[in-house]
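The data block below is target.txt; it holds compact mmCIF, C-alpha atoms and all ligand atoms.
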```
# COMPACT_ATOMS: atom_id res chain seq x y z
CA MET A 233 4.73 26.65 -14.76
CA ALA A 234 3.23 24.11 -17.12
CA SER A 235 5.46 21.56 -18.81
CA LYS A 236 4.79 19.21 -21.69
CA LEU A 237 5.83 15.60 -22.24
CA HIS A 238 5.49 13.76 -25.53
CA LEU A 239 4.47 10.16 -24.77
CA GLU A 240 5.26 7.80 -27.63
CA THR A 241 2.94 5.08 -26.30
CA ALA A 242 0.67 5.48 -23.30
CA LEU A 243 -2.19 3.71 -21.55
CA THR A 244 -5.01 6.23 -21.05
CA PRO A 245 -8.69 5.84 -20.09
CA ASP A 246 -9.34 5.74 -23.85
CA GLY A 247 -6.99 2.80 -24.24
CA TRP A 248 -3.53 2.62 -25.77
CA ARG A 249 -2.59 5.86 -27.53
CA HIS A 250 0.45 6.73 -29.61
CA ASP A 251 2.16 10.11 -29.83
CA VAL A 252 0.23 12.21 -27.39
CA VAL A 253 1.35 15.26 -25.45
CA ALA A 254 0.55 15.51 -21.76
CA THR A 255 0.49 19.02 -20.36
CA ILE A 256 1.38 19.09 -16.68
CA ASP A 257 0.80 21.93 -14.24
CA HIS A 258 1.63 21.85 -10.53
CA GLY A 259 2.19 18.11 -10.77
CA SER A 260 -1.18 17.29 -12.30
CA ILE A 261 -2.15 16.42 -15.85
CA VAL A 262 -4.06 19.27 -17.46
CA SER A 263 -4.65 17.82 -20.91
CA ILE A 264 -3.70 15.01 -23.24
CA VAL A 265 -3.80 15.84 -26.93
CA PRO A 266 -2.35 14.34 -30.12
CA ALA A 267 1.26 15.39 -30.61
CA GLY A 268 1.82 18.17 -33.14
CA ALA A 269 4.98 19.21 -34.85
CA THR A 270 6.41 21.15 -31.91
CA ASN A 271 9.48 19.91 -30.15
CA THR A 272 8.59 18.63 -26.71
CA GLN A 273 10.56 16.39 -24.41
CA ARG A 274 9.91 12.82 -25.57
CA ILE A 275 9.39 9.80 -23.39
CA SER A 276 10.23 6.70 -25.36
CA GLY A 277 9.09 3.31 -24.13
CA VAL A 278 5.61 2.40 -22.96
CA VAL A 279 4.04 4.77 -20.45
CA VAL A 280 1.53 3.35 -17.98
CA PRO A 281 0.05 4.95 -14.86
CA GLY A 282 1.93 4.34 -11.61
CA LEU A 283 0.12 1.98 -9.25
CA PRO A 284 -1.02 2.93 -5.75
CA ASN A 285 0.44 0.91 -2.90
CA LEU A 286 -2.53 0.61 -0.57
CA HIS A 287 -0.82 -0.74 2.52
CA SER A 288 2.68 -0.31 3.88
CA HIS A 289 4.47 -0.51 7.20
CA ALA A 290 7.69 1.04 5.93
CA PHE A 291 9.90 0.19 8.93
CA GLN A 292 9.33 -3.53 8.39
CA ARG A 293 11.48 -3.27 5.25
CA ALA A 294 14.50 -3.49 7.55
CA MET A 295 13.32 -6.91 8.78
CA ALA A 296 13.15 -8.43 5.31
CA GLY A 297 15.05 -11.70 5.23
CA LEU A 298 15.48 -11.86 9.00
CA THR A 299 12.56 -14.08 9.93
CA GLU A 300 12.93 -16.91 7.45
CA ARG A 301 14.21 -19.52 9.89
CA ARG A 302 11.81 -21.96 11.45
CA GLY A 303 11.49 -21.53 15.20
CA SER A 304 8.82 -24.10 15.90
CA GLU A 305 6.38 -26.34 14.09
CA THR A 306 3.77 -23.62 14.37
CA ASP A 307 5.55 -20.53 13.06
CA SER A 308 2.80 -18.17 12.02
CA PHE A 309 1.78 -14.55 11.82
CA TRP A 310 1.77 -14.47 15.60
CA SER A 311 5.35 -15.68 16.05
CA TRP A 312 6.42 -13.27 13.29
CA ARG A 313 4.66 -10.48 15.19
CA GLU A 314 6.73 -11.22 18.30
CA ALA A 315 9.92 -10.89 16.23
CA MET A 316 8.59 -7.64 14.75
CA TYR A 317 7.88 -6.27 18.21
CA ARG A 318 11.44 -6.99 19.36
CA PHE A 319 12.68 -5.12 16.31
CA VAL A 320 10.34 -2.18 16.89
CA GLU A 321 11.81 -1.56 20.36
CA ARG A 322 15.08 -0.38 18.85
CA LEU A 323 13.89 2.12 16.29
CA CYS A 324 14.39 5.86 16.81
CA PRO A 325 13.07 8.68 14.58
CA ASP A 326 16.26 8.84 12.47
CA ASP A 327 16.05 5.09 11.86
CA LEU A 328 12.42 5.30 10.82
CA GLU A 329 13.11 8.11 8.36
CA ALA A 330 16.10 6.34 6.80
CA ILE A 331 14.27 3.02 6.44
CA ALA A 332 11.08 4.65 5.13
CA ALA A 333 13.01 6.67 2.55
CA PHE A 334 14.78 3.52 1.34
CA ALA A 335 11.52 1.56 1.15
CA TYR A 336 9.72 4.37 -0.68
CA MET A 337 12.58 4.67 -3.13
CA GLU A 338 12.30 0.94 -3.84
CA MET A 339 8.56 1.35 -4.32
CA LEU A 340 9.10 3.98 -7.00
CA GLU A 341 11.69 1.80 -8.71
CA ALA A 342 9.16 -1.03 -8.62
CA GLY A 343 6.16 0.73 -10.15
CA PHE A 344 4.32 2.13 -7.12
CA THR A 345 4.01 5.91 -7.33
CA SER A 346 1.94 6.46 -4.19
CA VAL A 347 1.80 4.77 -0.84
CA ALA A 348 -0.71 4.58 2.00
CA GLU A 349 1.46 4.35 5.10
CA PHE A 350 -0.34 2.57 7.93
CA HIS A 351 1.75 4.17 10.62
CA TYR A 352 1.55 2.96 14.21
CA LEU A 353 5.02 3.54 15.65
CA HIS A 354 4.18 6.83 17.37
CA HIS A 355 5.97 7.06 20.72
CA GLN A 356 9.25 6.43 22.52
CA PRO A 357 10.08 2.82 23.44
CA ASP A 358 8.67 3.26 26.97
CA GLY A 359 5.42 4.66 25.58
CA ARG A 360 5.99 8.33 26.42
CA PRO A 361 5.21 10.66 23.50
CA TYR A 362 8.11 12.48 21.90
CA ASP A 363 8.24 16.23 22.71
CA ASN A 364 6.48 16.68 19.39
CA ILE A 365 3.77 14.02 19.44
CA ALA A 366 3.84 13.85 15.64
CA GLU A 367 7.64 13.37 15.46
CA MET A 368 7.43 9.93 13.87
CA SER A 369 4.57 10.92 11.53
CA GLN A 370 6.62 13.87 10.34
CA ARG A 371 9.57 11.55 9.63
CA ILE A 372 7.30 9.53 7.34
CA VAL A 373 6.19 12.74 5.60
CA ALA A 374 9.82 13.85 5.21
CA ALA A 375 10.88 10.48 3.77
CA ALA A 376 8.06 10.47 1.21
CA ASP A 377 8.76 14.07 0.28
CA PHE A 378 12.46 13.41 -0.27
CA VAL A 379 11.75 10.38 -2.45
CA GLY A 380 8.91 12.04 -4.37
CA ILE A 381 6.32 9.32 -3.80
CA GLY A 382 2.67 10.35 -3.24
CA LEU A 383 1.70 9.82 0.38
CA THR A 384 -1.50 9.03 2.22
CA LEU A 385 -0.44 9.19 5.86
CA LEU A 386 -2.59 6.97 8.05
CA PRO A 387 -1.85 7.54 11.73
CA VAL A 388 -3.02 4.37 13.45
CA LEU A 389 -5.49 4.43 16.32
CA TYR A 390 -4.45 1.66 18.71
CA ARG A 391 -6.11 1.55 22.11
CA GLN A 392 -5.98 -1.95 23.57
CA GLY A 393 -4.22 -5.30 23.42
CA GLY A 394 -7.20 -7.44 22.41
CA PHE A 395 -10.95 -7.79 21.80
CA LEU A 396 -11.77 -7.84 25.51
CA GLY A 397 -9.98 -4.59 26.31
CA GLU A 398 -6.77 -6.29 27.42
CA PRO A 399 -4.05 -3.77 28.33
CA PRO A 400 -1.35 -3.30 25.71
CA SER A 401 1.81 -5.39 26.03
CA ALA A 402 5.12 -3.64 26.72
CA ALA A 403 5.97 -3.77 23.03
CA GLN A 404 2.64 -2.17 22.09
CA ARG A 405 3.17 0.91 24.28
CA ARG A 406 4.68 2.82 21.37
CA PHE A 407 1.41 2.44 19.45
CA ILE A 408 -1.14 3.60 22.04
CA ASN A 409 -3.12 6.87 21.90
CA ASP A 410 -6.20 8.20 23.61
CA ARG A 411 -8.70 10.22 21.59
CA ASP A 412 -7.08 13.58 22.39
CA SER A 413 -3.58 12.53 21.41
CA TYR A 414 -4.91 10.82 18.29
CA ALA A 415 -6.73 14.00 17.26
CA ARG A 416 -3.42 15.86 17.57
CA LEU A 417 -1.71 13.28 15.34
CA MET A 418 -4.44 13.80 12.78
CA GLU A 419 -3.39 17.45 12.52
CA THR A 420 -0.07 16.41 10.94
CA LYS A 421 0.49 18.35 7.72
CA VAL A 422 1.11 16.27 4.61
CA PRO A 423 2.16 18.72 1.88
CA GLY A 424 1.07 17.43 -1.50
CA GLY A 425 -0.46 14.34 0.08
CA THR A 426 -3.41 13.26 2.16
CA ILE A 427 -4.14 12.18 5.70
CA GLY A 428 -6.64 9.52 6.70
CA ILE A 429 -7.65 7.43 9.68
CA ALA A 430 -6.52 3.93 10.48
CA PRO A 431 -8.22 2.18 13.36
CA HIS A 432 -5.65 -0.63 13.63
CA SER A 433 -8.05 -3.56 13.82
CA LEU A 434 -11.20 -4.63 15.58
CA ARG A 435 -9.08 -6.12 18.36
CA ALA A 436 -7.11 -2.90 18.96
CA VAL A 437 -10.02 -0.43 19.16
CA THR A 438 -13.47 -0.60 20.74
CA THR A 439 -16.56 -0.26 18.58
CA ASP A 440 -17.13 3.12 20.27
CA ASP A 441 -13.66 4.28 19.22
CA LEU A 442 -14.34 3.06 15.72
CA LYS A 443 -17.59 5.04 15.50
CA TRP A 444 -15.89 8.12 16.95
CA ALA A 445 -13.02 8.06 14.43
CA ALA A 446 -15.29 7.29 11.47
CA THR A 447 -17.66 10.12 12.37
CA THR A 448 -15.03 12.71 13.28
CA TRP A 449 -13.10 12.26 10.03
CA ARG A 450 -15.94 11.23 7.70
CA GLY A 451 -14.95 11.64 4.07
CA LYS A 452 -11.23 11.09 4.71
CA PRO A 453 -9.59 7.84 3.60
CA ALA A 454 -10.17 5.15 6.24
CA HIS A 455 -8.12 1.96 6.45
CA ILE A 456 -8.40 -0.99 8.84
CA HIS A 457 -6.87 -4.46 9.14
CA VAL A 458 -9.71 -6.96 9.17
CA SER A 459 -10.05 -10.73 9.18
CA GLU A 460 -6.38 -11.44 8.47
CA GLN A 461 -6.17 -14.42 10.80
CA THR A 462 -8.54 -17.26 11.66
CA ARG A 463 -7.74 -16.60 15.33
CA GLU A 464 -8.98 -13.04 14.85
CA VAL A 465 -12.26 -14.38 13.44
CA ASP A 466 -12.63 -16.78 16.40
CA ASP A 467 -11.83 -14.07 18.96
CA CYS A 468 -14.25 -11.65 17.31
CA LEU A 469 -17.02 -14.23 17.34
CA ALA A 470 -16.32 -14.97 21.00
CA ALA A 471 -16.26 -11.31 22.02
CA HIS A 472 -19.03 -9.89 19.81
CA GLY A 473 -20.97 -12.84 18.40
CA LYS A 474 -20.19 -11.63 14.88
CA ARG A 475 -17.54 -12.22 12.27
CA PRO A 476 -15.09 -9.28 11.80
CA VAL A 477 -16.37 -7.82 8.51
CA ASP A 478 -19.97 -8.15 9.72
CA LEU A 479 -19.07 -6.39 12.96
CA LEU A 480 -17.31 -3.61 11.06
CA MET A 481 -20.22 -3.13 8.66
CA ASP A 482 -22.75 -3.14 11.50
CA THR A 483 -20.74 -0.54 13.44
CA VAL A 484 -19.87 2.14 10.89
CA GLU A 485 -21.05 3.17 7.45
CA ILE A 486 -18.58 1.64 5.04
CA ASP A 487 -18.33 3.41 1.67
CA THR A 488 -15.82 4.21 -1.06
CA CYS A 489 -13.54 5.99 1.44
CA TRP A 490 -12.85 2.67 3.17
CA PHE A 491 -10.03 0.24 2.53
CA LEU A 492 -10.44 -3.12 4.23
CA ILE A 493 -6.98 -4.59 4.46
CA HIS A 494 -6.57 -8.37 3.96
CA ALA A 495 -10.15 -9.57 4.64
CA THR A 496 -8.54 -12.98 4.05
CA HIS A 497 -11.06 -15.03 5.99
CA ALA A 498 -14.21 -13.13 5.04
CA ASP A 499 -17.01 -15.61 4.28
CA ASP A 500 -19.44 -15.41 1.37
CA GLY A 501 -21.90 -13.15 3.13
CA GLU A 502 -19.15 -10.77 4.22
CA ILE A 503 -17.70 -10.68 0.70
CA ALA A 504 -21.11 -9.78 -0.69
CA ARG A 505 -21.42 -6.94 1.84
CA MET A 506 -17.96 -5.61 1.00
CA ALA A 507 -18.79 -5.66 -2.71
CA ARG A 508 -22.06 -3.78 -2.16
CA SER A 509 -20.35 -1.15 -0.01
CA LYS A 510 -17.94 -0.23 -2.84
CA ALA A 511 -15.13 -0.24 -0.30
CA THR A 512 -11.76 -1.42 -1.62
CA VAL A 513 -10.36 -4.71 -0.33
CA GLY A 514 -6.62 -4.13 0.12
CA LEU A 515 -4.84 -7.39 -0.64
CA CYS A 516 -1.18 -7.91 0.17
CA PRO A 517 -0.41 -11.16 -1.66
CA ILE A 518 3.35 -11.36 -1.02
CA THR A 519 3.05 -10.61 2.69
CA GLU A 520 0.01 -12.86 3.10
CA ALA A 521 1.97 -15.68 1.45
CA ASN A 522 5.07 -14.90 3.50
CA LEU A 523 3.11 -14.95 6.76
CA GLY A 524 1.03 -17.97 5.80
CA ASP A 525 -2.20 -16.04 6.33
CA GLY A 526 -4.44 -17.79 3.82
CA LEU A 527 -6.07 -16.97 0.49
CA PHE A 528 -8.84 -14.41 0.00
CA ASP A 529 -11.68 -15.47 -2.30
CA LEU A 530 -11.06 -12.72 -4.84
CA PRO A 531 -13.03 -14.40 -7.67
CA SER A 532 -16.12 -14.17 -5.48
CA LEU A 533 -15.54 -10.44 -4.82
CA LEU A 534 -14.99 -9.73 -8.52
CA ALA A 535 -18.06 -11.71 -9.56
CA ARG A 536 -20.06 -9.37 -7.34
CA GLY A 537 -18.49 -6.21 -8.79
CA GLY A 538 -16.31 -5.55 -5.75
CA ARG A 539 -13.13 -3.51 -5.76
CA PHE A 540 -9.61 -4.53 -4.86
CA GLY A 541 -6.11 -3.08 -4.75
CA VAL A 542 -2.72 -4.29 -3.58
CA GLY A 543 -0.26 -3.29 -0.88
CA SER A 544 3.31 -4.28 -0.06
CA ASP A 545 2.47 -4.42 3.68
CA SER A 546 5.56 -5.91 5.40
CA ASN A 547 7.76 -4.89 2.44
CA VAL A 548 9.59 -8.22 2.53
CA ARG A 549 9.68 -7.83 -1.26
CA ILE A 550 8.77 -4.61 -3.04
CA SER A 551 7.37 -5.02 -6.54
CA ALA A 552 4.03 -4.03 -8.02
CA ALA A 553 4.33 -6.73 -10.68
CA ASP A 554 5.18 -9.44 -8.15
CA GLU A 555 2.17 -8.54 -6.02
CA LEU A 556 -0.22 -8.91 -8.95
CA ARG A 557 1.47 -12.09 -10.19
CA THR A 558 1.29 -13.63 -6.71
CA LEU A 559 -2.37 -12.67 -6.53
CA GLU A 560 -3.17 -14.56 -9.73
CA TYR A 561 -0.85 -17.50 -9.03
CA GLY A 562 -2.38 -18.09 -5.59
CA GLN A 563 -5.73 -18.51 -7.32
CA ARG A 564 -4.30 -20.72 -10.07
CA LEU A 565 -2.73 -23.07 -7.54
CA PHE A 566 -5.92 -23.22 -5.51
CA HIS A 567 -8.38 -23.66 -8.40
CA ARG A 568 -6.02 -25.62 -10.68
CA ARG A 569 -6.99 -23.35 -13.58
CA ARG A 570 -5.28 -20.58 -15.52
CA ASN A 571 -6.32 -16.92 -15.86
CA VAL A 572 -8.62 -17.16 -12.84
CA LEU A 573 -8.84 -13.40 -12.29
CA GLY A 574 -9.12 -12.53 -15.97
CA ASP A 575 -12.30 -11.72 -17.82
CA PRO A 576 -13.28 -12.19 -21.47
CA ALA A 577 -12.94 -8.49 -22.26
CA ARG A 578 -9.19 -8.18 -21.77
CA SER A 579 -6.01 -10.02 -20.91
CA THR A 580 -5.38 -11.15 -17.34
CA GLY A 581 -2.48 -8.75 -16.92
CA ARG A 582 -4.68 -5.87 -18.03
CA ARG A 583 -7.50 -7.00 -15.71
CA LEU A 584 -5.12 -7.16 -12.73
CA PHE A 585 -3.54 -3.83 -13.61
CA ASP A 586 -6.90 -2.05 -14.05
CA GLY A 587 -8.12 -3.46 -10.74
CA ALA A 588 -5.05 -2.38 -8.79
CA LEU A 589 -5.03 1.02 -10.50
CA GLY A 590 -8.47 1.99 -9.22
CA PRO A 591 -9.37 5.55 -10.16
CA SER A 592 -5.76 6.61 -10.92
CA ALA A 593 -5.05 6.97 -14.62
CA ILE A 594 -3.14 9.01 -17.14
CA ALA A 595 -5.98 11.48 -17.47
CA PRO A 596 -6.64 15.18 -16.95
CA GLY A 597 -7.04 16.04 -13.28
CA ARG A 598 -4.80 13.17 -12.11
CA ARG A 599 -1.31 13.46 -10.67
CA ALA A 600 1.26 13.03 -13.43
CA ASP A 601 2.65 9.72 -12.18
CA PHE A 602 4.08 7.67 -15.03
CA VAL A 603 5.89 4.36 -15.10
CA VAL A 604 7.82 3.89 -18.32
CA LEU A 605 8.41 0.29 -19.36
CA HIS A 606 11.13 -0.76 -21.78
CA ASP A 607 9.78 -1.26 -25.28
CA GLU A 608 10.08 -5.02 -25.88
CA GLY A 609 8.35 -4.84 -29.24
CA LEU A 610 5.03 -5.98 -27.76
CA GLN A 611 1.71 -4.34 -28.51
CA GLY A 612 -1.25 -3.33 -26.38
CA ASP A 613 -2.16 -5.38 -23.32
CA SER A 614 0.66 -7.85 -24.03
CA VAL A 615 2.96 -5.18 -22.61
CA LEU A 616 1.24 -5.53 -19.23
CA ASP A 617 1.08 -9.32 -19.44
CA HIS A 618 4.81 -9.40 -20.09
CA TRP A 619 5.62 -7.03 -17.24
CA LEU A 620 3.41 -8.81 -14.71
CA PHE A 621 4.12 -12.43 -15.64
CA ALA A 622 7.45 -12.57 -17.42
CA ALA A 623 9.61 -9.77 -16.09
CA ASP A 624 10.87 -8.24 -12.87
CA ASN A 625 11.54 -4.69 -11.74
CA THR A 626 14.16 -4.31 -14.48
CA ALA A 627 11.25 -3.96 -16.92
CA ILE A 628 10.91 -0.41 -15.57
CA LYS A 629 12.99 2.14 -17.38
CA SER A 630 11.96 5.35 -15.67
CA VAL A 631 9.34 6.78 -13.32
CA TYR A 632 7.85 10.27 -13.14
CA CYS A 633 6.14 11.58 -10.01
CA ALA A 634 3.99 14.68 -10.32
CA GLY A 635 5.62 15.19 -13.71
CA ILE A 636 9.21 15.07 -12.41
CA GLN A 637 11.54 12.24 -13.32
CA LYS A 638 12.54 10.36 -10.16
CA VAL A 639 13.78 7.05 -11.61
CA GLN A 640 16.26 6.94 -14.47
CA ASN A 641 17.53 3.70 -16.01
CA GLY A 642 15.73 1.79 -13.27
CA ARG A 643 17.36 3.64 -10.40
CA HIS A 644 16.14 6.49 -8.24
CA VAL A 645 18.08 9.67 -8.95
CA ASP A 646 19.03 9.95 -5.23
CA ARG A 647 19.58 6.23 -4.67
CA GLU A 648 23.14 6.52 -3.37
CA THR A 649 22.23 9.02 -0.65
CA MET A 650 19.41 6.85 0.60
CA ALA A 651 21.28 3.58 0.30
CA VAL A 652 24.20 4.89 2.38
CA ARG A 653 21.90 6.20 5.06
CA TYR A 654 19.92 2.97 5.13
CA ARG A 655 23.06 0.87 5.43
CA GLN A 656 24.34 3.01 8.31
CA THR A 657 21.02 2.55 10.06
CA ILE A 658 21.06 -1.20 9.64
CA ASP A 659 24.66 -1.43 10.83
CA ARG A 660 23.82 0.62 13.90
CA LEU A 661 20.78 -1.45 14.74
CA MET A 662 22.99 -4.57 14.49
CA VAL A 663 19.92 -6.52 13.66
CA SER A 664 19.81 -10.07 15.00
CA ILE A 665 16.31 -11.06 15.81
ZN ZN A 701 -0.64 -4.29 7.88
```
Any chance you could give the structure as structure tokens?
Ligand SMILES: [Zn+2]
Amino acid sequence: MASKLHLETALTPDGWRHDVVATIDHGSIVSIVPAGATNTQRISGVVVPGLPNLHSHAFQRAMAGLTERRGSETDSFWSWREAMYRFVERLCPDDLEAIAAFAYMEMLEAGFTSVAEFHYLHHQPDGRPYDNIAEMSQRIVAAADFVGIGLTLLPVLYRQGGFLGEPPSAAQRRFINDRDSYARLMETKVPGGTIGIAPHSLRAVTTDDLKWAATTWRGKPAHIHVSEQTREVDDCLAAHGKRPVDLLMDTVEIDTCWFLIHATHADDGEIARMARSKATVGLCPITEANLGDGLFDLPSLLARGGRFGVGSDSNVRISAADELRTLEYGQRLFHRRRNVLGDPARSTGRRLFDGALGPSAIAPGRRADFVVLHDEGLQGDSVLDHWLFAADNTAIKSVYCAGIQKVQNGRHVDRETMAVRYRQTIDRLMVSI
């Protein structure tokens, strides 16, 4: 049955509009028209579209704050990965579901209304599949469904331990699939959401596997980690004689379905190719800063008309505004200038928001995902500038997913249930890594 919401102020593809009525049917916006005299449920505050979270490993939320102690002079992504692997060994399906639900709830409270879950924790700790091979995938689906967040489930294809076909380490056994078992994972049902492929990285799949997955599921969303580390670039050059993005582009047809995650160390030529392909570069500024990965040359991508979005990746901190602020501040610190990612047509906050929003919008045909910001008396794009640069998650008053209110007064309507379950999980894991 269709419902109607009166939006006092809303950001639509036609710009800022006042007093419009959105008609919503089966979770999607059917129409937006000027409000008449009829009494419809009013949303006060400033309504903006919810942002997509392009890259998440939900279970890593439970590690947040546990790896911030220096182990050696060379703590890096790779030493963090060892800690993550030790953590992974303990997780069972119930743990994954509880942690994912908690992380997805925090995403909604923080302005993300959909998430692309890059899911690689498939099997039992010794590498044997669960009786139902899609057990862990279904736990992700259940968590997203309970929370109400839009889900793109990305079962990860992980075949080997390195570029030269090294066998997986003991900790990686939970991630490994052959083509048959992967095809079964790709049959997982995602009610109301989408499924896509995720070859883990160029080091974890062969170029043949990459071609096979890209061809078999052509047209589905396709995500891959690429060029996150300088060591990965060096290893790729040594194994294939090409840099990672070049190798990827030379192996499969990259188009708008593709999301290239990180791309931190892409060089100028690779950035130009990514821009031409119209693929989206999925940047994860907080995680990349936390792991000391490096800084992607986003101004160069934007100058070439390329596309970007953001993801919360390790979920060490979950906040759409913080991701975008970190993105801009990284560039300011590097270039010693202000408003590096802005353009003359609009404010920097608006530019960042539009970029991260991609094709989502408050528009007919789109899912009715609304983030309602407190009215601070600001007008137009200043609302976004304030949220992204001057506020935190408390700027968010409420959130609607598929037209249903899921966050009220800044808190998810089922927060207590999920928080208790999450706390029990953490206590049981007795995390000390
Ligand atoms: Zn990742």
query = Between A:Arg249, A:Arg463, A:Arg539, A:Arg313, which is the closest to A:Leu515 once you count all atoms listed in the file?
reply = A:Arg539
Atom pair atom CA of A:Trp248 / atom CA of A:Asp586: separation (Å) =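 Those two atoms sit 13.1 Å apart.
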request  = Identify, on the basis of only C-alpha atoms, every residue whose closest approach to A:Phe319 does not exceed 12 Å; exclude the query and any residue fewer than 4 positions from it along the same chain; express the result as a list in words.
outcome  = Phe291, Gln292, Arg293, Ala294, Met295, Ala296, Leu298, Thr299, Trp312, Arg313, Glu314, Ala315, Leu323, Cys324, Asp327, Leu328, Leu353, Pro357, Ala403, Gln404, Ile658, Leu661, Met662, Val663, Ser664 and Ile665 of chain A
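Around ligand ZN 701 (chain A), the neighbouring residues within 8 Å, taking only C-alpha atoms and all ligand atoms, come to His287, Ser288, His289, Phe350, His457, Ile493, Asp545 and Ser546 of chain A.
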message = Between atom CA of A:Glu502 and atom CA of A:Lys474, what distance in Å does the model show, to one decimal?
response =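 Value for the atom CA of A:Glu502-atom CA of A:Lys474 distance: 10.7 Å.
Compared by their closest atoms to A:Tyr336, and using only C-alpha atoms, the residues A:Gln640, A:Ser551, A:Asn571, A:Thr439 rank with A:Ser551 nearest.
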request  = Tell me, in Å to one decimal, how far atom CA of A:Gly397 is from atom CA of A:His472.
outcome  =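 Rounded to one decimal, the two atoms are 12.3 Å apart.
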query = Pick from A:Lys236, A:Arg653, A:His355, A:His494: nearest to A:Ala332, with all atoms listed in the file counted?
reply =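 Checking each candidate against A:Ala332, we get A:Arg653 as the closest.
Across A:Arg598, A:Arg508, A:Arg301, A:Arg570, the tightest approach to A:Thr244 is made by A:Arg598 when counting all atoms listed in the file.
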inquiry  = I need the residue nearest A:Thr241 from this list: A:Ser276, A:Thr496, A:Thr384, A:Thr657. Use all atoms listed in the file for the distance.
reply    = A:Ser276
message = When you count all atoms listed in the file, which of these residues is closest to A:Pro245: A:Ala651, A:Ile427, A:Ala593, A:Ala600?
response =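 The shortest atom-to-atom distance to A:Pro245 comes from A:Ala593.
When the distance limit is 8 Å and all atoms listed in the file are what count, the residues near A:Gln356, minus those fewer than 3 positions from it on the same chain, are Cys324, Gly359, Arg360, Pro361, Tyr362 and Arg406 of chain A.
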Give me the residues of stretch 335-448 of chain A that have any atom at most 12 Å from an atom of stretch 610-631 of chain A; for each, the nearest atom pair and the distance in Å, rounded to one decimal. Use only C-alpha atoms, sort by chain and number, and format it as a tab-separated table.
```
residue	atom	partner	partner_atom	distance
A:Met337	CA	A:Val631	CA	10.9
A:Glu338	CA	A:Asn625	CA	9.7
A:Met339	CA	A:Asn625	CA	10.0
A:Leu340	CA	A:Val631	CA	6.9
A:Glu341	CA	A:Asn625	CA	7.2
A:Ala342	CA	A:Asn625	CA	5.4
A:Gly343	CA	A:Ile628	CA	7.3
A:Phe344	CA	A:Val631	CA	9.2
A:Thr345	CA	A:Val631	CA	8.1
A:Ser346	CA	A:Val631	CA	11.8
A:Val379	CA	A:Val631	CA	11.7
A:Gly380	CA	A:Val631	CA	10.4
A:Ile381	CA	A:Val631	CA	10.3
```
task = Around the point (-12.5, 4.2, 18.6) in the file's coordinates, collect all residues with an atom within 12 Å, using all atoms listed in the file, and return them as a VMD selection string.
result = chain A and resid 388 to 392 397 408 to 412 414 to 415 429 to 449 456 480 483 to 484
So that I have them on file, write out the residues from the current selection with C-alpha atoms, as a tab-separated table (two decimals), keeping the file's coordinate frame.
```
chain	number	residue	atom	x	y	z
A	388	VAL	CA	-3.02	4.37	13.45
A	389	LEU	CA	-5.49	4.43	16.32
A	390	TYR	CA	-4.45	1.66	18.71
A	391	ARG	CA	-6.11	1.55	22.11
A	392	GLN	CA	-5.98	-1.95	23.57
A	397	GLY	CA	-9.98	-4.59	26.31
A	408	ILE	CA	-1.14	3.60	22.04
A	409	ASN	CA	-3.12	6.87	21.90
A	410	ASP	CA	-6.20	8.20	23.61
A	411	ARG	CA	-8.70	10.22	21.59
A	412	ASP	CA	-7.08	13.58	22.39
A	414	TYR	CA	-4.91	10.82	18.29
A	415	ALA	CA	-6.73	14.00	17.26
A	429	ILE	CA	-7.65	7.43	9.68
A	430	ALA	CA	-6.52	3.93	10.48
A	431	PRO	CA	-8.22	2.18	13.36
A	432	HIS	CA	-5.65	-0.63	13.63
A	433	SER	CA	-8.05	-3.56	13.82
A	434	LEU	CA	-11.20	-4.63	15.58
A	435	ARG	CA	-9.08	-6.12	18.36
A	436	ALA	CA	-7.11	-2.90	18.96
A	437	VAL	CA	-10.02	-0.43	19.16
A	438	THR	CA	-13.47	-0.60	20.74
A	439	THR	CA	-16.56	-0.26	18.58
A	440	ASP	CA	-17.13	3.12	20.27
A	441	ASP	CA	-13.66	4.28	19.22
A	442	LEU	CA	-14.34	3.06	15.72
A	443	LYS	CA	-17.59	5.04	15.50
A	444	TRP	CA	-15.89	8.12	16.95
A	445	ALA	CA	-13.02	8.06	14.43
A	446	ALA	CA	-15.29	7.29	11.47
A	447	THR	CA	-17.66	10.12	12.37
A	448	THR	CA	-15.03	12.71	13.28
A	449	TRP	CA	-13.10	12.26	10.03
A	456	ILE	CA	-8.40	-0.99	8.84
A	480	LEU	CA	-17.31	-3.61	11.06
A	483	THR	CA	-20.74	-0.54	13.44
A	484	VAL	CA	-19.87	2.14	10.89
```
request  = Would you kindly identify which residues have an atom no farther than 10 Å from (3.8, 11.1, -27.1), using only C-alpha atoms and the file's own coordinates, and write them out as a list in words?
outcome  =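 Residues with an atom at most 10 Å from (3.8, 11.1, -27.1): Lys236, Leu237, His238, Leu239, Glu240, Thr241, Ala242, Arg249, His250, Asp251, Val252, Val253, Ala254, Ile264, Val265, Pro266, Ala267, Gly268, Thr272, Gln273, Arg274, Ile275, Ser276, Gly277, Val278 and Val279 of chain A.
The residue set within 7 Å of A:Leu417, counting all atoms listed in the file and dropping same-chain residues fewer than 3 places from it, reads A:Ile365, A:Ala366, A:Pro387, A:Ser413, A:Tyr414, A:Thr420.
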